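Trainee: Hey, dropping my_file.csv in here, CSV, C-alpha atoms:
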chain,number,residue,atom,x,y,z
P,1,MET,CA,-12.5,-3.5,97.5
P,2,SER,CA,-11.9,-4.2,101.1
P,3,GLU,CA,-14.7,-6.8,101.4
P,4,THR,CA,-13.0,-9.3,99.0
P,5,SER,CA,-12.0,-12.3,101.0
P,6,ALA,CA,-8.3,-13.2,101.2
P,7,TRP,CA,-9.0,-16.5,99.5
P,8,VAL,CA,-10.5,-14.9,96.4
P,9,ILE,CA,-7.5,-12.6,96.2
P,10,PHE,CA,-5.2,-15.6,96.5
P,11,ILE,CA,-6.9,-17.4,93.6
P,12,ALA,CA,-7.1,-14.2,91.5
P,13,ALA,CA,-3.4,-13.4,92.0
P,14,ILE,CA,-2.5,-16.8,90.6
P,15,PHE,CA,-4.8,-17.0,87.6
P,16,THR,CA,-6.7,-13.9,86.5
P,17,ASN,CA,-4.2,-11.3,87.8
P,18,ASN,CA,-1.0,-13.2,87.4
P,19,ILE,CA,1.7,-10.8,88.4
P,20,LEU,CA,3.9,-11.8,85.5
P,21,LEU,CA,1.5,-12.3,82.7
P,22,THR,CA,-0.8,-9.4,83.4
P,23,ASN,CA,1.3,-7.0,85.3
P,24,PHE,CA,4.7,-7.8,83.7
P,25,LEU,CA,6.6,-7.8,86.9
P,26,GLY,CA,9.8,-9.8,87.3
P,27,MET,CA,10.4,-10.0,83.6
P,28,CYS,CA,14.2,-9.7,83.8
P,29,SER,CA,14.8,-12.9,85.8
P,30,PHE,CA,11.9,-14.5,84.0
P,31,ILE,CA,13.7,-14.2,80.7
P,32,ALA,CA,17.2,-14.8,82.1
P,33,CYS,CA,16.5,-17.9,84.2
P,34,SER,CA,13.9,-19.8,82.2
P,35,GLY,CA,16.3,-22.0,80.4
P,36,GLN,CA,15.7,-25.1,82.5
P,37,ILE,CA,12.7,-26.3,84.5
P,38,ARG,CA,14.9,-27.2,87.5
P,39,THR,CA,16.5,-23.8,87.8
P,40,SER,CA,13.2,-22.0,87.3
P,41,LEU,CA,11.5,-24.1,89.9
P,42,GLY,CA,14.2,-23.2,92.5
P,43,LEU,CA,13.9,-19.5,91.6
P,44,GLY,CA,10.1,-19.7,91.7
P,45,THR,CA,10.2,-21.2,95.2
P,46,ALA,CA,12.6,-18.6,96.5
P,47,VAL,CA,10.5,-15.8,95.0
P,48,THR,CA,7.3,-17.1,96.5
P,49,PHE,CA,8.8,-17.3,100.0
P,50,VAL,CA,10.5,-13.9,99.9
P,51,LEU,CA,7.4,-12.3,98.3
P,52,THR,CA,5.0,-13.5,100.9
P,53,MET,CA,7.3,-12.5,103.8
P,54,THR,CA,8.2,-9.1,102.5
P,55,THR,CA,4.6,-8.2,101.7
P,56,MET,CA,3.7,-8.9,105.3
P,57,LEU,CA,6.7,-7.0,106.6
P,58,ASN,CA,6.1,-4.0,104.4
P,59,TYR,CA,2.4,-4.0,105.4
P,60,ALA,CA,3.4,-3.7,109.0
P,61,ILE,CA,6.0,-1.1,108.4
P,62,TYR,CA,3.8,1.0,106.2
P,63,HIS,CA,0.7,1.0,108.4
P,64,PHE,CA,2.4,1.1,111.8
P,65,VAL,CA,5.4,3.3,111.1
P,66,LEU,CA,5.2,5.3,107.9
P,67,VAL,CA,1.6,6.4,108.0
P,68,PRO,CA,1.4,7.4,111.6
P,69,TYR,CA,4.4,9.6,111.2
P,70,GLY,CA,3.3,11.0,107.8
P,71,LEU,CA,6.2,9.5,105.9
P,72,GLY,CA,4.2,7.8,103.2
P,73,HIS,CA,6.3,9.3,100.5
P,74,LEU,CA,9.3,7.4,101.7
P,75,GLN,CA,7.7,4.1,100.9
P,76,PHE,CA,9.9,3.3,97.9
P,77,ILE,CA,13.2,3.6,99.7
P,78,VAL,CA,11.9,1.9,102.8
P,79,PHE,CA,10.4,-1.0,100.9
P,80,ILE,CA,13.5,-1.6,98.9
P,81,ALA,CA,15.6,-1.5,102.1
P,82,VAL,CA,13.3,-4.0,103.8
P,83,ILE,CA,13.5,-6.3,100.9
P,84,ALA,CA,17.3,-6.1,100.6
P,85,ALA,CA,17.7,-6.6,104.3
P,86,PHE,CA,15.3,-9.5,104.4
P,87,VAL,CA,17.0,-11.3,101.5
P,88,GLN,CA,20.3,-10.9,103.2
P,89,LEU,CA,18.9,-12.3,106.4
P,90,VAL,CA,17.4,-15.3,104.8
P,91,GLU,CA,20.6,-16.0,103.0
P,92,MET,CA,22.6,-15.9,106.2
P,93,PHE,CA,19.9,-18.0,108.0
P,94,VAL,CA,19.7,-20.7,105.3
P,95,GLU,CA,23.5,-20.8,105.0
P,96,ARG,CA,23.8,-21.5,108.7
P,97,PHE,CA,21.0,-24.0,109.2
P,98,SER,CA,20.6,-25.8,106.0
P,99,PRO,CA,23.7,-25.9,103.8
P,100,LYS,CA,21.9,-28.2,101.4
P,101,LEU,CA,19.1,-25.8,100.8
P,102,TYR,CA,21.7,-23.0,100.5
P,103,PHE,CA,23.4,-24.7,97.6
P,104,ALA,CA,20.0,-25.3,95.9
P,105,LEU,CA,18.7,-21.8,96.4
P,106,GLY,CA,21.9,-19.8,97.1
P,107,ILE,CA,22.6,-18.2,93.8
P,108,PHE,CA,19.0,-17.1,93.4
P,109,LEU,CA,18.7,-15.2,96.6
P,110,PRO,CA,20.8,-12.2,95.6
P,111,LEU,CA,18.9,-12.1,92.3
P,112,ILE,CA,15.6,-11.6,94.1
P,113,THR,CA,16.5,-8.2,95.5
P,114,VAL,CA,16.4,-6.8,92.0
P,115,ASN,CA,13.3,-8.7,91.1
P,116,CYS,CA,10.6,-6.1,90.5
P,117,ALA,CA,7.8,-8.6,91.3
P,118,ILE,CA,8.8,-8.3,95.0
P,119,LEU,CA,8.7,-4.5,95.2
P,120,GLY,CA,5.8,-4.4,92.8
P,121,ALA,CA,3.7,-6.7,95.0
P,122,SER,CA,4.3,-4.4,98.0
P,123,LEU,CA,3.3,-1.3,96.0
P,124,PHE,CA,0.2,-3.0,94.6
P,125,MET,CA,-0.8,-3.9,98.2
P,126,ILE,CA,-0.6,-0.2,99.2
P,127,ILE,CA,-2.4,1.1,96.1
P,128,ARG,CA,-5.2,-1.4,96.4
P,129,GLU,CA,-5.5,-0.8,100.1
P,130,TYR,CA,-5.5,-4.4,101.2
P,131,SER,CA,-6.0,-5.5,104.8
P,132,PHE,CA,-3.4,-7.6,106.5
P,133,LEU,CA,-5.1,-10.9,105.7
P,134,GLN,CA,-5.7,-9.9,102.1
P,135,SER,CA,-2.0,-8.9,101.8
P,136,VAL,CA,-1.0,-12.3,102.9
P,137,GLY,CA,-3.3,-13.9,100.3
P,138,PHE,CA,-2.1,-11.6,97.6
P,139,GLY,CA,1.6,-12.1,98.4
P,140,LEU,CA,1.3,-15.9,98.5
P,141,GLY,CA,-0.8,-16.0,95.3
P,142,ALA,CA,1.4,-13.6,93.4
P,143,GLY,CA,4.5,-15.7,94.3
P,144,ILE,CA,2.9,-18.9,93.2
P,145,GLY,CA,1.5,-17.3,90.1
P,146,TRP,CA,5.0,-16.1,89.2
P,147,ALA,CA,6.5,-19.5,89.8
P,148,VAL,CA,3.8,-21.2,87.7
P,149,ALA,CA,4.5,-18.9,84.8
P,150,ILE,CA,8.3,-19.2,84.9
P,151,VAL,CA,8.1,-23.0,85.1
P,152,MET,CA,5.7,-23.1,82.2
P,153,LEU,CA,8.0,-20.9,80.0
P,154,ALA,CA,11.0,-23.0,81.0
P,155,GLY,CA,9.2,-26.1,79.8
P,156,LEU,CA,8.2,-24.4,76.5
P,157,ARG,CA,11.8,-23.1,75.9
P,158,GLN,CA,13.2,-26.6,76.4
P,159,LYS,CA,11.0,-27.8,73.7
P,160,MET,CA,11.7,-24.9,71.5
P,161,ARG,CA,15.4,-25.7,71.2
P,162,TYR,CA,14.5,-28.2,68.5
P,163,SER,CA,12.3,-26.0,66.5
P,164,ASN,CA,13.3,-24.0,63.4
P,165,ILE,CA,13.1,-20.3,64.4
P,166,PRO,CA,14.0,-17.4,62.1
P,167,GLU,CA,17.5,-16.2,63.1
P,168,PRO,CA,16.7,-12.7,64.3
P,169,PHE,CA,14.0,-14.1,66.6
P,170,GLN,CA,16.1,-16.7,68.3
P,171,GLY,CA,16.5,-16.5,72.0
P,172,VAL,CA,14.7,-13.6,73.8
P,173,PRO,CA,12.4,-12.4,71.0
P,174,ILE,CA,10.7,-15.8,70.5
P,175,ALA,CA,10.5,-16.2,74.3
P,176,MET,CA,8.6,-12.9,74.4
P,177,VAL,CA,6.2,-14.0,71.7
P,178,VAL,CA,5.6,-17.4,73.4
P,179,THR,CA,5.0,-15.5,76.7
P,180,GLY,CA,2.4,-13.5,74.8
P,181,VAL,CA,0.6,-16.7,73.8
P,182,LEU,CA,0.9,-17.9,77.4
P,183,ALA,CA,-0.7,-14.6,78.6
P,184,MET,CA,-3.5,-15.1,76.1
P,185,ALA,CA,-4.2,-18.5,77.5
P,186,PHE,CA,-4.3,-17.1,81.0
P,187,MET,CA,-6.8,-14.5,79.8
P,188,GLY,CA,-9.2,-17.5,79.5
P,189,PHE,CA,-9.4,-17.4,83.3
P,190,ALA,CA,-10.7,-13.8,83.2
P,191,GLY,CA,-14.1,-13.5,84.8
P,192,MET,CA,-13.6,-16.5,87.0
P,193,VAL,CA,-12.8,-14.2,89.9
P,194,SER,CA,-11.8,-10.6,89.7
P,195,ILE,CA,-9.9,-8.1,91.7
P,196,GLN,CA,-8.9,-4.6,90.6
C,1,MET,CA,25.0,0.5,59.4
C,2,ALA,CA,24.9,3.9,57.8
C,3,ASP,CA,21.8,4.9,59.7
C,4,ASN,CA,23.1,4.3,63.1
C,5,LYS,CA,25.8,6.9,62.7
C,6,GLN,CA,23.2,9.3,61.6
C,7,LEU,CA,21.1,8.5,64.7
C,8,ALA,CA,23.9,9.1,67.0
C,9,CYS,CA,24.7,12.4,65.5
C,10,MET,CA,21.2,13.5,65.4
C,11,THR,CA,20.8,13.0,69.1
C,12,CYS,CA,24.1,14.6,70.1
C,13,VAL,CA,24.6,17.6,67.8
C,14,PRO,CA,22.2,19.8,69.6
C,15,LYS,CA,23.9,19.0,72.9
C,16,GLY,CA,27.3,20.0,71.5
C,17,LEU,CA,29.0,17.0,72.9
C,18,CYS,CA,30.4,15.6,69.7
C,19,GLN,CA,34.0,15.9,70.6
C,20,GLY,CA,36.0,13.1,72.2
C,21,LYS,CA,34.3,10.3,74.1
C,22,GLY,CA,30.9,12.0,74.2
C,23,LEU,CA,29.9,10.8,70.8
C,24,VAL,CA,31.1,7.3,71.3
C,25,THR,CA,29.3,7.1,74.6
C,26,LEU,CA,26.1,8.4,73.1
C,27,LYS,CA,26.1,6.0,70.2
C,28,GLU,CA,26.9,3.1,72.5
C,29,GLY,CA,24.0,3.8,74.8
C,30,ALA,CA,21.3,4.9,72.4
C,31,TRP,CA,21.9,2.4,69.6
C,32,ALA,CA,24.7,-0.2,69.6
C,33,ASN,CA,24.0,-1.2,73.2
C,34,ASN,CA,20.4,-0.2,73.4
C,35,PRO,CA,19.5,-1.1,77.0
C,36,LEU,CA,16.1,-2.5,76.1
C,37,ALA,CA,16.4,-4.1,72.6
C,38,ILE,CA,19.9,-5.4,72.8
C,39,GLN,CA,20.7,-5.8,76.5
C,40,MET,CA,17.2,-6.8,77.6
C,41,LEU,CA,17.2,-4.6,80.6
C,42,GLY,CA,14.2,-3.0,82.1
C,43,ILE,CA,11.7,-5.1,80.3
C,44,CYS,CA,9.0,-4.9,83.0
C,45,SER,CA,8.2,-1.3,82.7
C,46,ALA,CA,8.6,-1.4,78.9
C,47,LEU,CA,5.7,-3.8,78.8
C,48,ALA,CA,3.5,-2.4,81.4
C,49,VAL,CA,3.2,1.2,80.5
C,50,THR,CA,3.2,1.1,76.7
C,51,ASN,CA,-0.6,0.6,76.2
C,52,ARG,CA,-0.8,4.3,75.3
C,53,LEU,CA,1.7,6.5,73.6
C,54,GLU,CA,1.3,9.2,76.2
C,55,ASN,CA,2.2,6.9,79.1
C,56,SER,CA,5.2,5.6,77.2
C,57,LEU,CA,6.5,9.1,76.7
C,58,VAL,CA,6.1,10.0,80.4
C,59,MET,CA,7.8,6.8,81.4
C,60,GLY,CA,10.7,7.5,79.0
C,61,ALA,CA,11.1,11.0,80.4
C,62,ALA,CA,11.1,9.6,84.0
C,63,LEU,CA,13.8,7.2,83.1
C,64,ILE,CA,16.0,9.8,81.4
C,65,PHE,CA,15.6,12.0,84.5
C,66,VAL,CA,16.4,9.3,86.9
C,67,CYS,CA,19.3,7.9,84.9
C,68,VAL,CA,21.0,11.2,84.3
C,69,GLY,CA,20.5,12.3,87.9
C,70,SER,CA,21.7,9.1,89.5
C,71,ASN,CA,24.6,8.8,87.1
C,72,LEU,CA,25.7,12.3,88.0
C,73,ILE,CA,25.6,11.9,91.7
C,74,VAL,CA,27.1,8.4,91.7
C,75,SER,CA,29.9,9.7,89.6
C,76,LEU,CA,30.5,12.8,91.8
C,77,LEU,CA,30.6,10.6,94.9
C,78,ARG,CA,32.6,7.8,93.3
C,79,LYS,CA,35.9,8.6,95.0
C,80,TYR,CA,34.2,8.9,98.4
C,81,THR,CA,32.0,5.8,98.3
C,82,PRO,CA,33.6,2.8,100.1
C,83,HIS,CA,33.6,-0.1,97.7
C,84,ARG,CA,31.7,-2.5,100.0
C,85,ILE,CA,28.6,-0.3,100.5
C,86,ARG,CA,28.4,1.1,96.9
C,87,MET,CA,25.3,-1.0,96.0
C,88,ILE,CA,23.2,0.3,98.9
C,89,ALA,CA,24.5,3.8,98.2
C,90,GLU,CA,23.5,3.5,94.5
C,91,VAL,CA,20.1,2.2,95.5
C,92,ALA,CA,19.6,5.1,97.9
C,93,ILE,CA,20.6,7.7,95.3
C,94,ILE,CA,18.3,6.1,92.6
C,95,ALA,CA,15.4,5.9,95.0
C,96,THR,CA,15.8,9.6,95.9
C,97,PHE,CA,15.4,10.6,92.2
C,98,VAL,CA,12.5,8.2,91.8
C,99,ILE,CA,10.7,9.7,94.8
C,100,LEU,CA,11.4,13.2,93.4
C,101,PHE,CA,9.8,12.3,90.1
C,102,ASP,CA,6.9,10.5,91.7
C,103,GLN,CA,6.1,13.4,93.9
C,104,PHE,CA,6.3,15.7,90.9
C,105,LEU,CA,3.8,13.6,89.0
C,106,LYS,CA,1.5,13.4,92.0
C,107,ALA,CA,1.6,17.2,92.5
C,108,PHE,CA,1.1,18.3,88.9
C,109,TYR,CA,-0.2,15.3,86.8
C,110,TRP,CA,-2.4,13.4,89.2
C,111,ASP,CA,-4.2,11.4,86.4
C,112,MET,CA,-1.0,10.3,84.9
C,113,SER,CA,0.3,9.3,88.2
C,114,LYS,CA,-2.8,7.2,88.8
C,115,GLN,CA,-2.4,5.5,85.4
C,116,LEU,CA,1.3,4.6,85.8
C,117,GLY,CA,0.4,3.2,89.2
C,118,PRO,CA,3.3,1.3,90.8
C,119,TYR,CA,5.5,1.4,87.7
C,120,VAL,CA,7.1,4.8,88.6
C,121,GLY,CA,8.3,3.3,91.8
C,122,LEU,CA,9.5,0.3,90.0
C,123,ILE,CA,12.1,2.4,88.2
C,124,ILE,CA,14.2,1.7,91.3
C,125,THR,CA,14.5,-2.0,90.4
C,126,ASN,CA,14.8,-1.1,86.7
C,127,CYS,CA,18.1,-2.8,85.9
C,128,ILE,CA,19.1,0.0,83.4
C,129,VAL,CA,19.6,2.6,86.0
C,130,MET,CA,21.4,0.4,88.4
C,131,GLY,CA,23.4,-1.1,85.6
C,132,ARG,CA,24.6,2.3,84.3
C,133,ALA,CA,25.5,3.5,87.8
C,134,GLU,CA,27.4,0.3,88.5
C,135,ALA,CA,29.1,-0.2,85.1
C,136,PHE,CA,29.7,3.4,84.0
C,137,ALA,CA,29.3,6.1,86.5
C,138,LEU,CA,31.6,4.4,89.0
C,139,GLN,CA,34.5,4.7,86.7
C,140,ASN,CA,33.9,7.9,84.8
C,141,PRO,CA,33.9,11.6,85.4
C,142,PRO,CA,30.6,13.4,85.9
C,143,MET,CA,30.2,15.0,82.5
C,144,LEU,CA,30.7,11.8,80.6
C,145,SER,CA,28.3,10.0,83.1
C,146,ILE,CA,25.6,12.5,82.3
C,147,VAL,CA,26.0,11.8,78.6
C,148,ASP,CA,25.9,8.1,79.3
C,149,GLY,CA,22.7,8.4,81.4
C,150,LEU,CA,21.2,10.6,78.7
C,151,ALA,CA,22.1,8.2,75.9
C,152,ASN,CA,20.7,5.1,77.7
C,153,GLY,CA,17.6,7.0,78.8
C,154,ILE,CA,17.0,8.1,75.2
C,155,GLY,CA,17.6,4.6,73.9
C,156,TYR,CA,15.0,3.3,76.3
C,157,ALA,CA,12.6,6.1,75.7
C,158,VAL,CA,12.7,5.7,71.9
C,159,VAL,CA,12.0,1.9,72.0
C,160,LEU,CA,9.2,2.6,74.5
C,161,ALA,CA,7.7,5.2,72.2
C,162,ILE,CA,7.8,2.8,69.3
C,163,ILE,CA,6.0,0.1,71.2
C,164,GLY,CA,3.5,2.6,72.7
C,165,PHE,CA,2.8,4.0,69.3
C,166,PHE,CA,2.0,0.7,67.6
C,167,ARG,CA,0.0,-0.6,70.6
C,168,GLU,CA,-2.2,2.4,70.8
C,169,LEU,CA,-2.6,2.6,67.0
C,170,LEU,CA,-3.5,-1.1,66.5
C,171,GLY,CA,-5.3,-1.5,69.8
C,172,SER,CA,-7.7,1.4,69.7
C,173,GLY,CA,-7.0,3.1,66.4
C,174,GLU,CA,-6.0,6.2,68.3
C,175,ILE,CA,-2.9,8.3,68.8
C,176,PHE,CA,-2.8,10.5,71.9
C,177,GLY,CA,-6.5,9.7,72.3
C,178,ARG,CA,-7.4,11.1,68.9
C,179,THR,CA,-8.9,8.7,66.4
C,180,VAL,CA,-6.5,8.0,63.5
C,181,LEU,CA,-7.8,4.8,62.0
C,182,SER,CA,-11.5,5.4,61.6
C,183,ALA,CA,-13.8,2.9,63.1
C,184,ASP,CA,-15.7,2.6,59.8
C,185,TRP,CA,-13.0,0.3,58.2
C,186,TYR,CA,-10.7,-0.5,61.1
C,187,THR,CA,-11.8,-2.8,63.9
C,188,PRO,CA,-9.6,-2.1,66.9
C,189,ASN,CA,-7.6,-5.1,67.9
C,190,GLN,CA,-8.2,-5.2,71.6
C,191,ILE,CA,-5.5,-7.7,72.2
C,192,MET,CA,-2.8,-5.1,71.5
C,193,ILE,CA,-4.0,-3.1,74.5
C,194,LEU,CA,-4.1,-6.1,76.8
C,195,ALA,CA,-1.2,-7.9,78.2
C,196,PRO,CA,-0.4,-10.4,75.4
C,197,GLY,CA,-0.1,-7.6,72.9
C,198,ALA,CA,2.7,-6.1,74.9
C,199,PHE,CA,4.7,-9.3,74.7
C,200,PHE,CA,4.1,-9.7,71.0
C,201,ALA,CA,5.1,-6.1,70.3
C,202,LEU,CA,8.3,-6.2,72.3
C,203,GLY,CA,9.3,-9.6,70.9
C,204,ILE,CA,8.8,-8.3,67.4
C,205,VAL,CA,10.6,-5.0,68.1
C,206,ILE,CA,13.6,-6.9,69.5
C,207,GLY,CA,13.5,-9.3,66.5
C,208,ILE,CA,13.6,-6.3,64.1
C,209,PHE,CA,16.5,-4.7,66.0
C,210,ASN,CA,18.4,-8.0,65.7
C,211,ALA,CA,17.6,-8.2,62.0
C,212,ILE,CA,18.9,-4.6,61.3
C,213,LYS,CA,22.0,-5.0,63.4
C,214,GLY,CA,22.9,-8.2,61.6
C,215,PRO,CA,24.4,-11.3,63.2
C,216,GLU,CA,28.0,-10.0,63.6
C,217,PRO,CA,28.0,-8.6,67.2
C,218,GLU,CA,26.6,-11.9,68.5
C,219,GLU,CA,28.8,-12.6,71.6
C,220,LYS,CA,28.7,-15.9,73.4
C,221,LYS,CA,25.4,-17.6,73.3
Written as structure tokens, how would this file's structure read?
Mentor:
Amino acid sequence: MSETSAWVIFIAAIFTNNILLTNFLGMCSFIACSGQIRTSLGLGTAVTFVLTMTTMLNYAIYHFVLVPYGLGHLQFIVFIAVIAAFVQLVEMFVERFSPKLYFALGIFLPLITVNCAILGASLFMIIREYSFLQSVGFGLGAGIGWAVAIVMLAGLRQKMRYSNIPEPFQGVPIAMVVTGVLAMAFMGFAGMVSIQ
Amino acid sequence: MADNKQLACMTCVPKGLCQGKGLVTLKEGAWANNPLAIQMLGICSALAVTNRLENSLVMGAALIFVCVGSNLIVSLLRKYTPHRIRMIAEVAIIATFVILFDQFLKAFYWDMSKQLGPYVGLIITNCIVMGRAEAFALQNPPMLSIVDGLANGIGYAVVLAIIGFFRELLGSGEIFGRTVLSADWYTPNQIMILAPGAFFALGIVIGIFNAIKGPEPEEKK
């Protein structure tokens, strides 16, 4: 595992091991915020940024603080605290230095704390025993993969508004089924590169 | 609508909580406001762990445990928690219960723990637990909060079990690892085990829930 280059992990995290379409992480905001391409693009960008940064932070904290002191079992609570604190920090920072960006991203930032893709990526990183560089590649790839998937679904849902869907399936159920088809399409990438 | 009353009573009679608000709470959580199928909360784990029935049941049990535990503690502490830090307090309480369950799995069911991977930890970000703590346990006494946690946990676990059952049955022709649909005449449909099958299964289950419930409770769209 540990010999895979960071670049391969990056590509694999986007296509073959898309964090949303194969690991189902970040579904809540995926379903809730995929109404419009614009909104989903904003959310996708914010997730990519936070995901990359928190993966790096959590890597450092896990390997330099938790493991040496034998506190590995506290990883959940530490990771979630790091993510929440980081999001808060970014929010304050963006608000102070770039009000324009704040209005564009502002509402998405608090949502990110409860996005399981962020915590999930950190946990995968620990379970798969990535090195630091691999973690960076994985974090970045996973974020971009998530953004790609949500933008694609948003585009599909915009088109679907004009189609004739059976009543019980309107809204979320049909979105799930369409996501299934999307996931099937992404399975076509399988074998291109592979990570466990 | 007759069958949902039956469902509520079936789940609450053995607990002896049928008087007063207990029944209403149970019914709300387990059926009328089913966290997964109606409110669309906690979808991530519902998709990820349902490739086998066994995994689904363990995950359901984990959620019931965490939901009841965190609801109880949040409710007990509700008068002493300053309003401004309640979120972080809730997260800390939930994380504590998740860690307990995770350590329990690691100690006694190592294989299961390996299979569920990061998804046990992801219960922390499962919106159901957080949502119940925030929306219910903060305003209600401990006993009622336990019932509410139990009801929501059961509602979640039941949907998870349904999805897990069909995915394992159609995907590998097995239930609990035993062959049910013989390979002579049934070709296992691999797609049900893989990711797309999860999306299809959940979409169809939600659609069926909607169809049974009828269009009337449709709030603002």
Trainee: Taking into account all atoms listed in the file, which residue in the set P:Ala13, P:Ala84, P:Ala154, P:Ala60 is nearest to chain C?
Mentor: P:Ala84
Trainee: List as a Markdown table every residue of chain P that is in contact with chain C, defined as an atom at most 6 Å from one of its atoms (using all atoms listed in the file), together with the nearest atom pair and the distance in Å rounded to one decimal, sorted by chain and then rising number.
Mentor:
| residue | atom | partner | partner_atom | distance |
| --- | --- | --- | --- | --- |
| P:Thr22 | CA | C:Ala195 | CA | 5.4 |
| P:Phe24 | CA | C:Cys44 | CA | 5.2 |
| P:Leu25 | CA | C:Cys44 | CA | 5.4 |
| P:Met27 | CA | C:Cys44 | CA | 5.3 |
| P:Ile77 | CA | C:Ala95 | CA | 5.7 |
| P:Val114 | CA | C:Thr125 | CA | 5.4 |
| P:Cys116 | CA | C:Thr125 | CA | 5.7 |
| P:Leu123 | CA | C:Pro118 | CA | 5.8 |
| P:Pro168 | CA | C:Ala211 | CA | 5.1 |
| P:Phe169 | CA | C:Gly207 | CA | 4.8 |
| P:Pro173 | CA | C:Gly203 | CA | 4.2 |
| P:Met176 | CA | C:Gly203 | CA | 4.9 |
| P:Val177 | CA | C:Phe200 | CA | 4.8 |
| P:Gly180 | CA | C:Pro196 | CA | 4.2 |
| P:Ala183 | CA | C:Pro196 | CA | 5.3 |
| P:Met184 | CA | C:Pro196 | CA | 5.7 |
Trainee: So the first atom is atom CA of Val159 of chain C and the second is atom CA of Asp111 of chain C; what is the distance between them in Å, to one decimal place?
Mentor: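 Straight-line distance from atom CA of Val159 of chain C to atom CA of Asp111 of chain C works out to 23.7 Å.
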Trainee: When you look at segment 137-154 of chain C with a cut-off of 7 Å (counting only C-alpha atoms), what residues show up, excluding the ones that are within fewer than 3 positions of it in the same chain? I need them as a VMD selection string.
Mentor: chain C and resid 22 25 to 26 29 to 30 34 to 35 60 63 to 64 67 to 68 71 to 72 74 to 76 78 132 to 134 157 to 158
Trainee: Those residues you just picked out, can you put them in a file as a compact mmCIF listing (two decimals), in the coordinates of the input with C-alpha atoms?
Mentor:
# COMPACT_ATOMS: atom_id res chain seq x y z
CA GLY C 22 30.90 12.00 74.20
CA THR C 25 29.30 7.10 74.60
CA LEU C 26 26.10 8.40 73.10
CA GLY C 29 24.00 3.80 74.80
CA ALA C 30 21.30 4.90 72.40
CA ASN C 34 20.40 -0.20 73.40
CA PRO C 35 19.50 -1.10 77.00
CA GLY C 60 10.70 7.50 79.00
CA LEU C 63 13.80 7.20 83.10
CA ILE C 64 16.00 9.80 81.40
CA CYS C 67 19.30 7.90 84.90
CA VAL C 68 21.00 11.20 84.30
CA ASN C 71 24.60 8.80 87.10
CA LEU C 72 25.70 12.30 88.00
CA VAL C 74 27.10 8.40 91.70
CA SER C 75 29.90 9.70 89.60
CA LEU C 76 30.50 12.80 91.80
CA ARG C 78 32.60 7.80 93.30
CA ARG C 132 24.60 2.30 84.30
CA ALA C 133 25.50 3.50 87.80
CA GLU C 134 27.40 0.30 88.50
CA ALA C 157 12.60 6.10 75.70
CA VAL C 158 12.70 5.70 71.90
Trainee: Considering all atoms listed in the file, return as a list in words whatever protein or nucleic-acid residues lie within 10 Å of Asn17 of chain P, sequence-local ones (same chain, fewer than 2 positions apart) excluded.
Mentor: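 Near Asn17 of chain P, the qualifying residues are Ile9, Phe10, Ile11, Ala12, Ala13, Ile14, Phe15, Ile19, Leu20, Leu21, Thr22, Asn23, Gly141, Ala142, Gly145, Phe186, Met187, Phe189, Ala190, Val193, Ser194, Ile195 and Gln196 of chain P.
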Trainee: In Å, rounded to a single decimal, give me how far atom CA of Ala85 of chain P is from atom CA of Lys106 of chain C.
Mentor: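 Atom CA of Lys106 of chain C sits 28.5 Å away from atom CA of Ala85 of chain P.
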Trainee: Mind pulling up the distance from atom CA of Gly164 of chain C to atom CA of Glu54 of chain C?
Mentor: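 Pair atom CA of Glu54 of chain C / atom CA of Gly164 of chain C returns 7.8 Å.
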Trainee: Counting only C-alpha atoms, which residue out of P:Gln158, P:Ile144, P:Ala6, P:Gly120 sits closest to Thr55 of chain P?
Mentor: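 Of P:Gln158, P:Ile144, P:Ala6, P:Gly120, the one nearest Thr55 of chain P is P:Gly120, counting only C-alpha atoms.
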